[in-house]
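Visitor: I am sharing data_21.txt, which consists of compact mmCIF, C-alpha atoms:
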# COMPACT_ATOMS: atom_id res chain seq x y z
CA MET C 27 19.23 48.51 3.97
CA LYS C 28 20.90 47.13 7.02
CA ALA C 29 23.39 44.33 7.49
CA THR C 30 23.06 42.48 10.75
CA LYS C 31 25.47 40.44 12.84
CA ILE C 32 23.77 37.30 14.12
CA ILE C 33 24.99 35.15 16.98
CA ALA C 34 23.26 31.79 17.23
CA VAL C 35 21.79 31.39 20.68
CA LEU C 36 21.00 27.70 20.55
CA ALA C 37 23.74 25.09 20.61
CA VAL C 38 22.99 22.46 18.01
CA ALA C 39 25.37 19.75 16.88
CA LEU C 40 26.39 20.06 13.25
CA VAL C 41 27.21 16.99 11.24
CA ALA C 42 28.68 17.93 7.89
CA GLY C 43 31.35 16.52 5.61
CA THR C 44 34.62 18.41 5.61
CA MET C 45 36.25 16.56 2.75
CA GLY C 46 35.04 15.52 -0.67
CA LEU C 47 31.69 16.07 -2.26
CA THR C 48 28.62 16.74 -0.18
CA SER C 49 25.23 15.56 -1.36
CA CYS C 50 21.98 17.49 -1.60
CA SER C 51 19.39 14.90 -2.48
CA LYS C 52 15.86 13.58 -2.39
CA GLY C 53 16.90 10.20 -1.08
CA GLY C 54 17.42 6.93 -2.93
CA LYS C 55 20.88 7.87 -4.08
CA GLY C 56 22.81 5.17 -2.27
CA ALA C 57 24.26 4.79 1.20
CA SER C 58 27.06 7.29 0.58
CA GLY C 59 24.69 9.99 -0.64
CA LYS C 60 26.93 10.43 -3.69
CA VAL C 61 25.22 11.12 -6.99
CA LYS C 62 26.25 9.17 -10.05
CA GLY C 63 25.78 10.50 -13.53
CA GLU C 64 27.03 11.06 -17.05
CA LEU C 65 30.10 13.26 -17.49
CA LEU C 66 29.12 16.13 -19.76
CA PRO C 67 31.51 16.70 -22.72
CA GLU C 68 33.66 19.74 -22.04
CA GLY C 69 33.41 20.95 -25.63
CA ASN C 70 29.72 21.78 -25.18
CA PHE C 71 30.25 24.30 -22.38
CA LYS C 72 30.19 28.04 -22.94
CA VAL C 73 33.06 29.41 -20.87
CA GLU C 74 35.29 32.36 -20.18
CA LEU C 75 38.46 32.84 -18.18
CA THR C 76 38.47 34.06 -14.62
CA GLU C 77 39.80 37.58 -14.22
CA ASP C 78 43.25 36.33 -13.22
CA GLY C 79 43.28 33.72 -15.99
CA SER C 80 43.85 30.84 -13.60
CA GLY C 81 40.57 29.04 -14.21
CA VAL C 82 37.26 28.78 -16.04
CA ILE C 83 33.82 30.29 -15.50
CA ILE C 84 30.94 28.25 -16.95
CA LYS C 85 28.43 30.55 -18.65
CA GLY C 86 26.15 27.98 -20.28
CA TYR C 87 25.85 24.68 -22.10
CA ASP C 88 25.07 23.88 -25.75
CA ASP C 89 22.41 21.15 -25.62
CA LYS C 90 22.30 20.47 -29.38
CA ASP C 91 23.50 16.89 -28.85
CA TRP C 92 21.18 16.17 -25.92
CA PRO C 93 18.97 13.15 -26.67
CA LYS C 94 15.23 13.66 -27.00
CA LYS C 95 12.26 11.35 -26.89
CA ASP C 96 8.88 12.37 -28.29
CA GLY C 97 10.23 15.90 -28.62
CA ASN C 98 11.26 16.17 -24.96
CA TYR C 99 14.68 16.10 -23.36
CA VAL C 100 15.72 12.73 -21.94
CA LYS C 101 16.16 13.30 -18.22
CA LYS C 102 19.36 12.12 -16.55
CA ASP C 103 21.92 12.70 -13.81
CA VAL C 104 24.97 14.64 -14.99
CA ILE C 105 28.50 15.48 -13.82
CA ILE C 106 30.20 18.77 -14.64
CA PRO C 107 33.87 18.24 -15.57
CA SER C 108 36.48 19.57 -13.14
CA THR C 109 38.62 20.96 -15.97
CA ILE C 110 37.88 22.45 -19.37
CA GLN C 111 40.70 22.81 -21.92
CA GLY C 112 43.16 21.97 -19.17
CA LEU C 113 42.02 24.71 -16.78
CA PRO C 114 40.12 24.12 -13.52
CA VAL C 115 36.45 25.08 -13.32
CA LYS C 116 36.21 27.64 -10.52
CA ARG C 117 32.83 29.26 -11.00
CA ILE C 118 29.44 28.31 -12.49
CA ASP C 119 27.20 31.21 -13.51
CA ARG C 120 24.74 29.40 -15.78
CA LEU C 121 24.22 25.89 -17.08
CA GLY C 122 20.93 25.64 -18.97
CA LEU C 123 19.34 22.21 -19.47
CA LYS C 124 16.36 23.43 -17.49
CA TYR C 125 14.08 20.45 -18.09
CA ALA C 126 16.66 17.69 -18.50
CA ILE C 127 18.63 17.38 -15.27
CA THR C 128 17.51 15.08 -12.45
CA GLY C 129 20.84 14.89 -10.63
CA LEU C 130 23.85 17.19 -10.69
CA VAL C 131 27.44 16.75 -9.50
CA ILE C 132 29.44 19.95 -9.11
CA PRO C 133 33.14 19.00 -9.11
CA GLU C 134 35.89 19.63 -6.60
CA GLY C 135 37.65 22.92 -7.34
CA VAL C 136 34.49 24.95 -7.90
CA GLU C 137 34.44 27.84 -5.42
CA ILE C 138 31.39 29.83 -6.48
CA ILE C 139 27.90 29.02 -7.72
CA GLY C 140 26.69 32.30 -9.20
CA LYS C 141 23.31 33.94 -8.86
CA TYR C 142 20.52 32.33 -10.92
CA ALA C 143 22.79 29.39 -11.75
CA PHE C 144 20.18 26.59 -11.50
CA PRO C 145 16.72 28.07 -10.82
CA GLU C 146 13.42 26.37 -11.63
CA ARG C 147 14.84 22.91 -12.32
CA LYS C 148 11.59 21.14 -11.57
CA TYR C 149 13.04 17.65 -12.11
CA LEU C 150 16.23 18.24 -10.12
CA THR C 151 16.18 15.87 -7.14
CA SER C 152 19.83 15.79 -6.13
CA VAL C 153 22.91 18.02 -6.13
CA THR C 154 26.38 17.11 -4.96
CA LEU C 155 28.44 20.06 -3.72
CA PRO C 156 32.27 20.17 -3.52
CA SER C 157 34.25 20.77 -0.35
CA THR C 158 35.92 23.71 -2.13
CA LEU C 159 32.65 25.67 -2.39
CA LYS C 160 32.75 29.13 -0.79
CA ALA C 161 29.66 30.91 -2.10
CA ILE C 162 26.14 30.16 -3.34
CA GLY C 163 24.62 33.17 -5.06
CA ARG C 164 21.19 34.76 -5.09
CA ASN C 165 18.39 32.52 -6.42
CA ALA C 166 20.92 29.80 -7.28
CA PHE C 167 18.42 26.96 -6.64
CA TYR C 168 15.23 29.01 -6.59
CA GLU C 169 12.09 26.92 -7.16
CA CYS C 170 13.89 23.58 -7.40
CA TRP C 171 10.80 22.06 -5.80
CA GLU C 172 12.07 18.45 -5.68
CA LEU C 173 15.39 19.14 -3.94
CA ALA C 174 14.60 17.74 -0.50
CA VAL C 175 17.76 17.37 1.64
CA CYS C 176 20.80 19.63 1.45
CA ASN C 177 24.10 19.05 3.24
CA LEU C 178 26.02 22.30 2.90
CA PRO C 179 29.80 21.68 2.96
CA GLU C 180 32.09 22.94 5.68
CA GLY C 181 34.06 25.78 4.09
CA LEU C 182 30.97 27.46 2.65
CA GLU C 183 31.03 31.15 3.62
CA TYR C 184 28.24 32.82 1.70
CA ILE C 185 24.57 32.10 0.91
CA GLY C 186 22.82 34.76 -1.16
CA GLN C 187 19.26 36.03 -1.08
CA SER C 188 16.61 33.41 -1.94
CA ALA C 189 19.32 30.89 -2.81
CA PHE C 190 17.10 27.94 -1.79
CA GLU C 191 13.72 29.68 -1.80
CA TYR C 192 10.79 27.40 -2.69
CA THR C 193 12.77 24.19 -2.68
CA GLY C 194 11.66 20.85 -1.25
CA LEU C 195 14.23 20.86 1.54
CA THR C 196 13.35 18.89 4.66
CA SER C 197 16.49 19.65 6.67
CA VAL C 198 19.17 22.34 6.69
CA SER C 199 22.44 22.32 8.65
CA LEU C 200 24.39 25.56 8.47
CA PRO C 201 28.18 24.99 8.38
CA LYS C 202 30.43 26.46 11.05
CA SER C 203 32.35 28.27 8.31
CA LEU C 204 29.35 30.38 7.25
CA LYS C 205 30.02 34.14 7.39
CA TYR C 206 27.08 35.60 5.48
CA ILE C 207 23.49 34.62 4.75
CA SER C 208 20.91 36.89 3.15
CA GLU C 209 17.19 37.32 3.67
CA ASN C 210 14.79 34.65 2.38
CA ALA C 211 17.63 32.22 1.73
CA PHE C 212 15.31 29.35 2.73
CA HIS C 213 11.93 31.07 2.34
CA GLY C 214 8.86 29.06 1.40
CA CYS C 215 10.41 25.64 2.03
CA ALA C 216 7.13 23.91 2.83
CA ASN C 217 8.69 20.60 3.93
CA LEU C 218 11.44 22.04 6.11
CA ALA C 219 11.19 20.35 9.51
CA GLU C 220 14.75 20.45 10.87
CA ILE C 221 17.21 23.34 11.16
CA ASN C 222 20.66 22.85 12.70
CA ILE C 223 22.71 25.87 13.78
CA PRO C 224 26.23 25.18 15.09
CA GLU C 225 27.19 26.45 18.51
CA GLY C 226 28.85 29.88 18.42
CA LEU C 227 27.97 30.62 14.79
CA GLU C 228 28.32 34.32 13.94
CA VAL C 229 27.10 35.52 10.56
CA THR C 230 26.28 38.77 8.81
CA THR C 231 22.93 39.17 7.07
CA THR C 232 21.02 41.80 5.12
CA ASN C 233 17.60 43.14 6.09
CA VAL C 234 17.09 40.57 8.85
CA GLU C 235 15.64 41.10 12.32
CA ASP C 236 15.90 37.43 13.28
CA PHE C 237 16.13 34.08 11.47
CA THR C 238 12.41 34.12 10.67
CA ASP C 239 13.50 36.45 7.84
CA ILE C 240 15.73 33.67 6.50
CA PHE C 241 13.68 30.49 7.03
CA SER C 242 9.95 29.96 6.48
CA GLY C 243 7.52 27.23 5.43
CA ASP C 244 4.59 25.07 6.49
CA GLY C 245 6.84 22.68 8.41
CA ILE C 246 8.16 25.55 10.50
CA ASN C 247 4.62 26.80 11.08
CA LYS C 248 3.79 23.41 12.60
CA SER C 249 6.80 23.35 14.95
CA LEU C 250 6.82 25.59 18.00
CA ALA C 251 10.42 24.56 18.70
CA LEU C 252 11.59 25.78 15.28
CA GLN C 253 9.60 28.99 15.59
CA LYS C 254 11.19 29.62 18.98
CA LEU C 255 14.69 28.91 17.67
CA LEU C 256 14.31 31.25 14.71
CA LYS C 257 12.63 33.99 16.71
CA GLU C 258 15.21 33.88 19.49
CA THR C 259 18.15 34.14 17.11
CA LYS C 260 18.33 37.91 17.41
CA PRO C 261 20.58 40.48 15.77
CA LYS C 262 23.36 41.88 17.94
CA GLU C 263 24.21 44.99 15.90
CA ASP C 264 23.28 46.73 12.66
CA LEU C 265 25.76 47.67 9.96
CA VAL C 266 25.41 49.48 6.63
CA ASN C 267 25.69 47.05 3.70
CA ALA C 268 27.75 48.42 0.81
CA ALA C 269 26.28 45.79 -1.52
CA TYR C 270 23.12 47.92 -1.55
CA VAL C 271 24.36 51.47 -0.92
CA GLY C 272 27.31 51.04 -3.25
CA GLY C 273 29.75 52.95 -1.04
CA LYS C 274 33.45 52.19 -1.42
CA ARG C 275 34.19 53.35 2.13
CA GLU C 276 31.49 51.11 3.60
CA PHE C 277 32.83 48.15 1.64
CA ASP C 278 36.43 48.73 2.75
CA ASP C 279 35.57 49.61 6.34
CA ILE C 280 32.72 47.20 7.07
CA ILE C 281 32.06 44.37 4.65
CA LYS C 282 35.58 43.29 3.73
CA PRO C 283 37.00 43.12 7.28
CA LEU C 284 33.77 41.72 8.69
CA TYR C 285 33.59 38.54 6.67
CA GLY C 286 36.63 38.61 4.41
CA LEU C 287 34.82 38.73 1.09
CA ASP C 288 36.14 40.64 -1.90
CA GLU C 289 34.17 42.79 -4.33
CA GLU C 290 33.58 39.82 -6.65
CA PHE C 291 31.26 38.30 -4.03
CA VAL C 292 29.28 41.49 -3.62
CA LYS C 293 29.07 42.20 -7.35
CA TYR C 294 28.04 38.77 -8.55
CA TYR C 295 26.53 36.81 -5.73
CA ASP C 296 24.00 38.92 -3.85
Can the structure in the file be given as structure tokens, please?

Guide:
Amino acid sequence: MKATKIIAVLAVALVAGTMGLTSCSKGGKGASGKVKGELLPEGNFKVELTEDGSGVIIKGYDDKDWPKKDGNYVKKDVIIPSTIQGLPVKRIDRLGLKYAITGLVIPEGVEIIGKYAFPERKYLTSVTLPSTLKAIGRNAFYECWELAVCNLPEGLEYIGQSAFEYTGLTSVSLPKSLKYISENAFHGCANLAEINIPEGLEVTTTNVEDFTDIFSGDGINKSLALQKLLKETKPKEDLVNAAYVGGKREFDDIIKPLYGLDEEFVKYYD
């Protein structure tokens, strides 16, 4: 497959928080957009150390103590702790609690949301992202139908394939820091009616001819202006993507210098 360097051709003002947590929500969460919730007990998380031992990777959650009513999980907003056993949480690969979460706060310090981290959370209406976030992996929020507005934090560099596919997003603002976005990242977002691309944004993509391969939905189909924007955002050059061909030379010569990502990003997040 090909990797493509995109230069945004339409200047659009980007309003995004550069400090603190950034909210992705379905409204009604207060003037600040911050999500409140119950801090999950750190002893219930399934974790492992990062490769360098400096932090924690969340691999799941033991829901044995989660309250139930009439045999069903009680739904509530939750907060992931920023430290577990004294070490900072740096990556979230899985959480679980598929039918219980309505709101989710991801703490400051988390740098990576792994692929398939929170898919198919049909009751999830709000997510709060940290300013430290660098990467959102493939299918991370796939089919979270009720997630309606997402404010991606400045500092985010990577959005994997189908990361927000089939969500309820109504608006997307890409951060100026973005270096990579994969195909179908916002595919099938039926309510999407606003797309903001910062002036001068340059990103790398995979298997993309223009931004119509990244964004799609009924709202876009109804807007000639959005269709024009996406269609006119054309690739400038094609590059071989080592994430798919698996070549060490291509990774060293193309991917790493192009957008500064290490092999961990390629291995785990696209």

Visitor: Give me the residues near C:Thr158 as number ranges by chain, where near means some atom within 9 Å (using all atoms listed in the file) and where sequence neighbours in that chain fewer than 2 positions away do not count.

Guide: C: 45-47, 133-138, 155-156, 160, 179-182

Visitor: Identify, on the basis of only C-alpha atoms, every residue whose closest approach to C:Ile132 does not exceed 12 Å; exclude the query and any residue fewer than 4 positions from it along the same chain; express the result as a PyMOL selection string.

Guide: chain C and resi 46-50+60-63+65-66+84+103-109+115-118+121+136-139+143-144+152-159

Visitor: Find the spatial neighbours of C:Ile110, counting only C-alpha atoms, within a cut-off of 8 Å - ignore same-chain residues fewer than 5 positions away - and output them as a PDB file with C-alpha atoms, in the frame of the given file.

Guide:
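The result, written out as part04.pdb:
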ATOM      1  CA  GLU C  68      33.660  19.740 -22.040  1.00  0.00           C
ATOM      2  CA  GLY C  69      33.410  20.950 -25.630  1.00  0.00           C
ATOM      3  CA  VAL C  82      37.260  28.780 -16.040  1.00  0.00           C
ATOM      4  CA  VAL C 115      36.450  25.080 -13.320  1.00  0.00           C
TER       5      VAL C 115
END

Visitor: Quick one: of C:Phe71, C:Phe167, C:Tyr125, C:Tyr206, who's nearest to C:Gly86, counting only C-alpha atoms?

Guide: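 Distance minimum relative to C:Gly86 lands on C:Phe71.
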
Visitor: Just how far from atom CA of C:Tyr99 is atom CA of C:Leu195, in Å to one decimal?

Guide: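 The value is 25.4 Å.
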
Visitor: For a test of reading the model, state the distance in Å between atom CA of C:Thr196 and atom CA of C:Tyr184, rounded to one decimal.

Guide: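 The value is 20.6 Å.
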
Visitor: Mind checking which residues fall within 10 Å of C:Lys90, counting only C-alpha atoms, ignoring those fewer than 3 positions away in the same chain, and posting them as a list of chain:residue names?

Guide: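 The residues that qualify are C:Asn70, C:Tyr87, C:Pro93.
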
Visitor: Check the smallest atom-to-atom distance from each of C:Gln111, C:Asn210, C:Gln187, C:Asn217 to C:Ser249 using all atoms listed in the file, then report the winner.

Guide: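 Of C:Gln111, C:Asn210, C:Gln187, C:Asn217, the one nearest C:Ser249 is C:Asn217, counting all atoms listed in the file.
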
Visitor: Could you work out how far atom CA of C:Leu150 lies from atom CA of C:Pro224, giving the answer in Å with one decimal?

Guide: 28.0 Å

Visitor: Let me make sure I understand: among C:Cys215, C:Leu200, C:Ala126, C:Leu250, which one has the smallest atom-to-atom distance to C:Leu227 if we use only C-alpha atoms?

Guide: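 Distance minimum relative to C:Leu227 lands on C:Leu200.
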